[in-house]
Amino acid sequence: MALGETELVSLFYQLADGAQLLKGEPRFLQRRREEDGSIYEDVWDVFLGKEGPAAACAPQLGDGALSGQTRFILKRAKDHEAEIYRTFLSPAKSYAPRLWASVERGGDTFLLLEYVEGENLQRATMRKLAAAVNSLRAMQDEYWGSSSTVGLSFETSFASLKKRRQYLLSPLLERHFDEFLSLYEVLPKTLCHADLLPFNLIVCRNEERAVLLDWEAGGILPYPESLARLIAHGRTHGELFRMTPRQRACAAEMYYARFASRYGISHREFSRALSYFVFSETCEWVFLGNKHGRGECPYYAPYFRAALRMARILDRGDLLF
């Protein structure tokens, strides 16, 4: 049910009390998606006047300081977001928006979050990719080897992936998707953001901090999950996501050097795992097109061609990275 202005003000004041913030006069603006300008359901930018609280996430997390900013994100938590914040992202982490407060209302959980100023990865640069890799390393170092089932569990994710196979409708794609599933079942696990598309990561403008947004889908999953989704969809002249092959390869090498190599994973093992996870990302749109109708899926044709191209490379015994 949509919330009116009066309800939003009441909700904000309740959250502000929980965060021990001073109160000001809030203004609410429905947030729009950067990728297409459509409105996010139940997500608002909150602006406070000059008389309001000096309240936003300070660069030094965990010190309780208020930085003088007066902008927040208010949202109704979706899917696994609330439990992920409670379990993995509290106390505040540098790689996620700080949770100032949460409140239960009408069977829903509402979150008051840090507003992060910066640029996403829809137009990749080496600076932004390096910051992204550093945040992935910090996150995945912290939860390496965890057996937690909070959030999107391995069992749920694996079962969902296995159902995709029947919609690939290509023996070549099916064969290599089976290889992907075999890897998915045995690779080491850590905390992953399972929908880390380039617009779900912001690199702060004045510091080398990359922040992963929208934690509806996340949990303890095979370690290549987040990196693969982040780099799989960019193209040199991509309309939505722009990333060159060189940038993609450099991001993979940085991730290996700074993270995967430190856990005894050989370069060949890492390259093979990442190759199959990126291949799986292209198969997602093949699955969607074949299941729901190719005419309803504008990305089907280019992703089907990309999946076949990758499968042929893998069929020769070569890797994508």
# chains A, B, ... in the order shown; residues from 1 in each chain; ligands from 1

$ select_by_dssp --residues "region 164-238 of chain A" --states "alpha helix (DSSP H)" --output "number ranges by chain"
A: 164, 171-186, 225-232

$ residues_around --residues "region 96-102 of chain A" --least-positions-apart "3" --cutoff "7 Å" --atoms "only C-alpha atoms" --output "list in words"
Leu15, Gly18, Ala19, Cys57, Ala92, Lys93, Thr109, Phe110, Leu111, Leu112, Leu113, Glu114, Val116, Val211, Leu212 and Leu213 of chain A

$ atom_distance --atom1 "CA of Pro91 (chain A)" --atom2 "CA of Asp214 (chain A)"
17.2 Å

$ closest_atom_pairs --of "region 174-257 of chain A" --to "region 133-140 of chain A" --cutoff "8 Å" --atoms "only C-alpha atoms" --output "JSON lines"
{"residue": "A:Thr190", "atom": "CA", "partner": "A:Gln140", "partner_atom": "CA", "distance": 5.6}
{"residue": "A:Leu191", "atom": "CA", "partner": "A:Gln140", "partner_atom": "CA", "distance": 5.6}
{"residue": "A:Cys192", "atom": "CA", "partner": "A:Gln140", "partner_atom": "CA", "distance": 7.3}
{"residue": "A:Arg209", "atom": "CA", "partner": "A:Ser135", "partner_atom": "CA", "distance": 7.3}
{"residue": "A:Ala210", "atom": "CA", "partner": "A:Ser135", "partner_atom": "CA", "distance": 5.9}
{"residue": "A:Val211", "atom": "CA", "partner": "A:Ser135", "partner_atom": "CA", "distance": 7.3}
{"residue": "A:Tyr223", "atom": "CA", "partner": "A:Gln140", "partner_atom": "CA", "distance": 7.6}
{"residue": "A:Ser226", "atom": "CA", "partner": "A:Leu136", "partner_atom": "CA", "distance": 7.9}
{"residue": "A:Leu227", "atom": "CA", "partner": "A:Leu136", "partner_atom": "CA", "distance": 7.9}
{"residue": "A:Ala251", "atom": "CA", "partner": "A:Val133", "partner_atom": "CA", "distance": 7.1}
{"residue": "A:Met254", "atom": "CA", "partner": "A:Val133", "partner_atom": "CA", "distance": 6.9}
{"residue": "A:Tyr255", "atom": "CA", "partner": "A:Val133", "partner_atom": "CA", "distance": 5.8}

$ write_last_selection --atoms "C-alpha atoms" --output "compact mmCIF listing (two decimals), in the first residue's frame"
# COMPACT_ATOMS: atom_id res chain seq x y z
CA THR A 190 31.57 -16.19 1.25
CA LEU A 191 29.20 -13.24 1.44
CA CYS A 192 28.01 -12.24 -2.03
CA ARG A 209 35.11 3.88 -1.28
CA ALA A 210 32.80 1.66 -3.33
CA VAL A 211 29.40 0.97 -1.80
CA TYR A 223 32.83 -16.52 -4.22
CA SER A 226 29.39 -10.84 -7.28
CA LEU A 227 32.39 -10.14 -9.51
CA ALA A 251 39.22 -6.16 -12.87
CA MET A 254 43.00 -7.23 -9.55
CA TYR A 255 40.45 -9.45 -7.83

$ atom_distance --atom1 "CA of Pro224 (chain A)" --atom2 "CA of Arg32 (chain A)"
29.2 Å

$ atom_distance --atom1 "CA of Arg76 (chain A)" --atom2 "CA of Phe88 (chain A)"
18.5 Å

$ select_by_dssp --residues "region 49-149 of chain A" --states "strand (DSSP E)" --output "ChimeraX atom specification"
/A:71-76,99-105,108-114,118-120

$ residues_around --residues "Asp318 (chain A)" --least-positions-apart "5" --cutoff "10 Å" --atoms "only C-alpha atoms" --output "number ranges by chain"
A: 272, 275, 310-313

$ residues_around --residues "region 180-182 of chain A" --least-positions-apart "5" --cutoff "10 Å" --atoms "only C-alpha atoms" --output "short mmCIF file (atom, residue, chain, number, x, y, z; two decimals) with C-alpha atoms, in the first residue's frame"
data_model
loop_
_atom_site.label_atom_id
_atom_site.label_comp_id
_atom_site.auth_asym_id
_atom_site.auth_seq_id
_atom_site.Cartn_x
_atom_site.Cartn_y
_atom_site.Cartn_z
CA PHE A 158 21.37 -23.64 -6.54
CA LEU A 161 19.84 -22.18 -11.22
CA LYS A 162 19.19 -25.86 -11.95
CA ARG A 165 18.86 -25.45 -17.67
CA GLU A 174 23.32 -27.16 -21.67
CA ARG A 175 26.65 -29.00 -21.61
CA LEU A 187 33.55 -23.67 -4.88
CA ARG A 272 37.98 -21.26 -15.05
CA ALA A 273 35.50 -20.45 -12.28
CA LEU A 274 35.07 -16.84 -13.38
CA SER A 275 34.72 -17.87 -17.03
CA TYR A 276 31.84 -20.20 -16.22
CA PHE A 277 30.14 -17.71 -13.92
CA VAL A 278 30.26 -15.02 -16.62
CA PHE A 279 28.93 -17.56 -19.13
CA SER A 280 26.06 -18.28 -16.71
#

$ decode --residues "region 46-183 of chain A" --atoms "C-alpha atoms" --output "mmCIF file, in the first residue's frame"
data_model
loop_
_atom_site.group_PDB
_atom_site.id
_atom_site.type_symbol
_atom_site.label_atom_id
_atom_site.label_comp_id
_atom_site.auth_asym_id
_atom_site.auth_seq_id
_atom_site.Cartn_x
_atom_site.Cartn_y
_atom_site.Cartn_z
ATOM 1 C CA VAL A 46 14.717 12.276 2.270
ATOM 2 C CA PHE A 47 15.953 15.879 2.446
ATOM 3 C CA LEU A 48 16.120 17.928 5.635
ATOM 4 C CA GLY A 49 16.192 21.712 5.887
ATOM 5 C CA LYS A 50 19.119 23.647 7.352
ATOM 6 C CA GLU A 51 17.499 23.461 10.764
ATOM 7 C CA GLY A 52 17.446 19.650 10.564
ATOM 8 C CA PRO A 53 19.937 17.119 11.884
ATOM 9 C CA ALA A 54 23.534 16.993 10.860
ATOM 10 C CA ALA A 55 22.990 13.343 10.110
ATOM 11 C CA ALA A 56 24.544 11.150 7.481
ATOM 12 C CA CYS A 57 27.273 8.570 7.419
ATOM 13 C CA ALA A 58 30.651 9.998 8.315
ATOM 14 C CA PRO A 59 33.644 8.753 6.287
ATOM 15 C CA GLN A 60 35.079 7.075 9.395
ATOM 16 C CA LEU A 61 32.488 4.386 10.035
ATOM 17 C CA GLY A 62 31.764 3.197 13.526
ATOM 18 C CA ASP A 63 32.701 6.397 15.366
ATOM 19 C CA GLY A 64 29.116 7.607 15.714
ATOM 20 C CA ALA A 65 30.028 11.031 14.290
ATOM 21 C CA LEU A 66 27.507 13.053 12.314
ATOM 22 C CA SER A 67 28.931 14.664 9.210
ATOM 23 C CA GLY A 68 26.632 17.615 8.553
ATOM 24 C CA GLN A 69 24.844 16.101 5.564
ATOM 25 C CA THR A 70 21.070 16.130 5.576
ATOM 26 C CA ARG A 71 20.038 13.504 3.052
ATOM 27 C CA PHE A 72 18.946 9.913 3.614
ATOM 28 C CA ILE A 73 17.372 6.969 1.823
ATOM 29 C CA LEU A 74 14.114 5.632 3.253
ATOM 30 C CA LYS A 75 12.886 2.327 1.876
ATOM 31 C CA ARG A 76 10.583 -0.567 2.531
ATOM 32 C CA ALA A 77 12.898 -3.598 2.813
ATOM 33 C CA LYS A 78 12.359 -6.229 0.127
ATOM 34 C CA ASP A 79 13.101 -9.953 0.058
ATOM 35 C CA HIS A 80 16.172 -10.658 2.245
ATOM 36 C CA GLU A 81 17.309 -7.057 2.754
ATOM 37 C CA ALA A 82 16.360 -6.564 6.408
ATOM 38 C CA GLU A 83 17.886 -9.829 7.619
ATOM 39 C CA ILE A 84 21.056 -9.229 5.589
ATOM 40 C CA TYR A 85 21.484 -5.840 7.254
ATOM 41 C CA ARG A 86 20.874 -7.299 10.707
ATOM 42 C CA THR A 87 23.211 -10.265 10.212
ATOM 43 C CA PHE A 88 26.019 -9.186 7.905
ATOM 44 C CA LEU A 89 26.011 -5.387 7.626
ATOM 45 C CA SER A 90 25.698 -4.304 11.272
ATOM 46 C CA PRO A 91 27.688 -2.679 12.736
ATOM 47 C CA ALA A 92 28.279 -0.443 9.721
ATOM 48 C CA LYS A 93 30.555 -1.698 6.947
ATOM 49 C CA SER A 94 32.491 0.482 4.518
ATOM 50 C CA TYR A 95 31.129 -1.514 1.558
ATOM 51 C CA ALA A 96 27.403 -0.982 2.261
ATOM 52 C CA PRO A 97 25.211 2.029 3.031
ATOM 53 C CA ARG A 98 25.054 2.553 6.757
ATOM 54 C CA LEU A 99 21.795 1.524 8.389
ATOM 55 C CA TRP A 100 20.766 4.318 10.724
ATOM 56 C CA ALA A 101 17.585 2.691 11.987
ATOM 57 C CA SER A 102 14.856 0.208 11.140
ATOM 58 C CA VAL A 103 11.264 -0.107 12.253
ATOM 59 C CA GLU A 104 8.448 -2.625 11.812
ATOM 60 C CA ARG A 105 5.156 -1.234 10.606
ATOM 61 C CA GLY A 106 2.154 -3.054 9.177
ATOM 62 C CA GLY A 107 4.092 -6.276 8.692
ATOM 63 C CA ASP A 108 6.876 -4.536 6.754
ATOM 64 C CA THR A 109 10.365 -3.432 7.732
ATOM 65 C CA PHE A 110 11.410 0.108 6.853
ATOM 66 C CA LEU A 111 15.073 1.097 6.701
ATOM 67 C CA LEU A 112 16.668 4.517 7.099
ATOM 68 C CA LEU A 113 19.938 4.337 5.188
ATOM 69 C CA GLU A 114 22.941 6.452 4.380
ATOM 70 C CA TYR A 115 22.716 8.395 1.128
ATOM 71 C CA VAL A 116 25.897 7.760 -0.861
ATOM 72 C CA GLU A 117 27.077 10.498 -3.218
ATOM 73 C CA GLY A 118 29.065 9.269 -6.197
ATOM 74 C CA GLU A 119 29.010 7.514 -9.553
ATOM 75 C CA ASN A 120 27.934 4.009 -10.440
ATOM 76 C CA LEU A 121 29.744 1.629 -12.800
ATOM 77 C CA GLN A 122 27.500 2.004 -15.834
ATOM 78 C CA ARG A 123 30.457 3.827 -17.385
ATOM 79 C CA ALA A 124 33.438 1.924 -16.045
ATOM 80 C CA THR A 125 36.826 3.464 -15.308
ATOM 81 C CA MET A 126 39.891 1.803 -13.837
ATOM 82 C CA ARG A 127 39.585 3.968 -10.715
ATOM 83 C CA LYS A 128 36.025 2.828 -10.094
ATOM 84 C CA LEU A 129 36.843 -0.814 -10.842
ATOM 85 C CA ALA A 130 39.780 -0.752 -8.406
ATOM 86 C CA ALA A 131 37.533 0.658 -5.680
ATOM 87 C CA ALA A 132 34.917 -2.004 -6.441
ATOM 88 C CA VAL A 133 37.475 -4.812 -6.164
ATOM 89 C CA ASN A 134 38.723 -3.426 -2.848
ATOM 90 C CA SER A 135 35.188 -3.434 -1.447
ATOM 91 C CA LEU A 136 34.567 -6.984 -2.648
ATOM 92 C CA ARG A 137 37.813 -8.043 -0.993
ATOM 93 C CA ALA A 138 36.842 -6.403 2.314
ATOM 94 C CA MET A 139 33.401 -8.004 2.260
ATOM 95 C CA GLN A 140 34.498 -11.464 1.194
ATOM 96 C CA ASP A 141 37.535 -11.585 3.489
ATOM 97 C CA GLU A 142 35.238 -10.937 6.432
ATOM 98 C CA TYR A 143 32.861 -13.813 5.674
ATOM 99 C CA TRP A 144 35.127 -16.325 3.923
ATOM 100 C CA GLY A 145 34.082 -19.856 4.818
ATOM 101 C CA SER A 146 30.897 -18.795 6.621
ATOM 102 C CA SER A 147 28.166 -21.429 6.827
ATOM 103 C CA SER A 148 25.345 -18.962 7.508
ATOM 104 C CA THR A 149 22.045 -19.613 5.747
ATOM 105 C CA VAL A 150 20.709 -16.093 6.335
ATOM 106 C CA GLY A 151 19.530 -14.281 3.214
ATOM 107 C CA LEU A 152 19.599 -16.040 -0.136
ATOM 108 C CA SER A 153 20.841 -19.479 0.891
ATOM 109 C CA PHE A 154 23.086 -21.641 -1.263
ATOM 110 C CA GLU A 155 20.396 -24.325 -1.453
ATOM 111 C CA THR A 156 17.747 -21.892 -2.713
ATOM 112 C CA SER A 157 20.093 -20.294 -5.225
ATOM 113 C CA PHE A 158 21.368 -23.637 -6.536
ATOM 114 C CA ALA A 159 17.841 -25.017 -6.954
ATOM 115 C CA SER A 160 16.821 -21.925 -8.915
ATOM 116 C CA LEU A 161 19.837 -22.183 -11.218
ATOM 117 C CA LYS A 162 19.189 -25.857 -11.954
ATOM 118 C CA LYS A 163 15.689 -24.978 -13.172
ATOM 119 C CA ARG A 164 17.156 -22.642 -15.792
ATOM 120 C CA ARG A 165 18.858 -25.450 -17.667
ATOM 121 C CA GLN A 166 15.647 -26.801 -19.203
ATOM 122 C CA TYR A 167 15.038 -23.459 -20.930
ATOM 123 C CA LEU A 168 18.409 -23.117 -22.663
ATOM 124 C CA LEU A 169 17.250 -25.301 -25.593
ATOM 125 C CA SER A 170 20.772 -25.813 -26.924
ATOM 126 C CA PRO A 171 22.906 -28.932 -26.326
ATOM 127 C CA LEU A 172 26.055 -26.778 -26.397
ATOM 128 C CA LEU A 173 24.737 -24.343 -23.798
ATOM 129 C CA GLU A 174 23.322 -27.160 -21.670
ATOM 130 C CA ARG A 175 26.646 -29.000 -21.613
ATOM 131 C CA HIS A 176 28.583 -25.994 -20.379
ATOM 132 C CA PHE A 177 25.823 -24.939 -18.004
ATOM 133 C CA ASP A 178 26.221 -28.374 -16.412
ATOM 134 C CA GLU A 179 29.916 -27.559 -15.934
ATOM 135 C CA PHE A 180 28.913 -24.287 -14.299
ATOM 136 C CA LEU A 181 26.540 -26.103 -11.924
ATOM 137 C CA SER A 182 29.294 -28.555 -10.989
ATOM 138 C CA LEU A 183 31.563 -25.647 -10.079
#
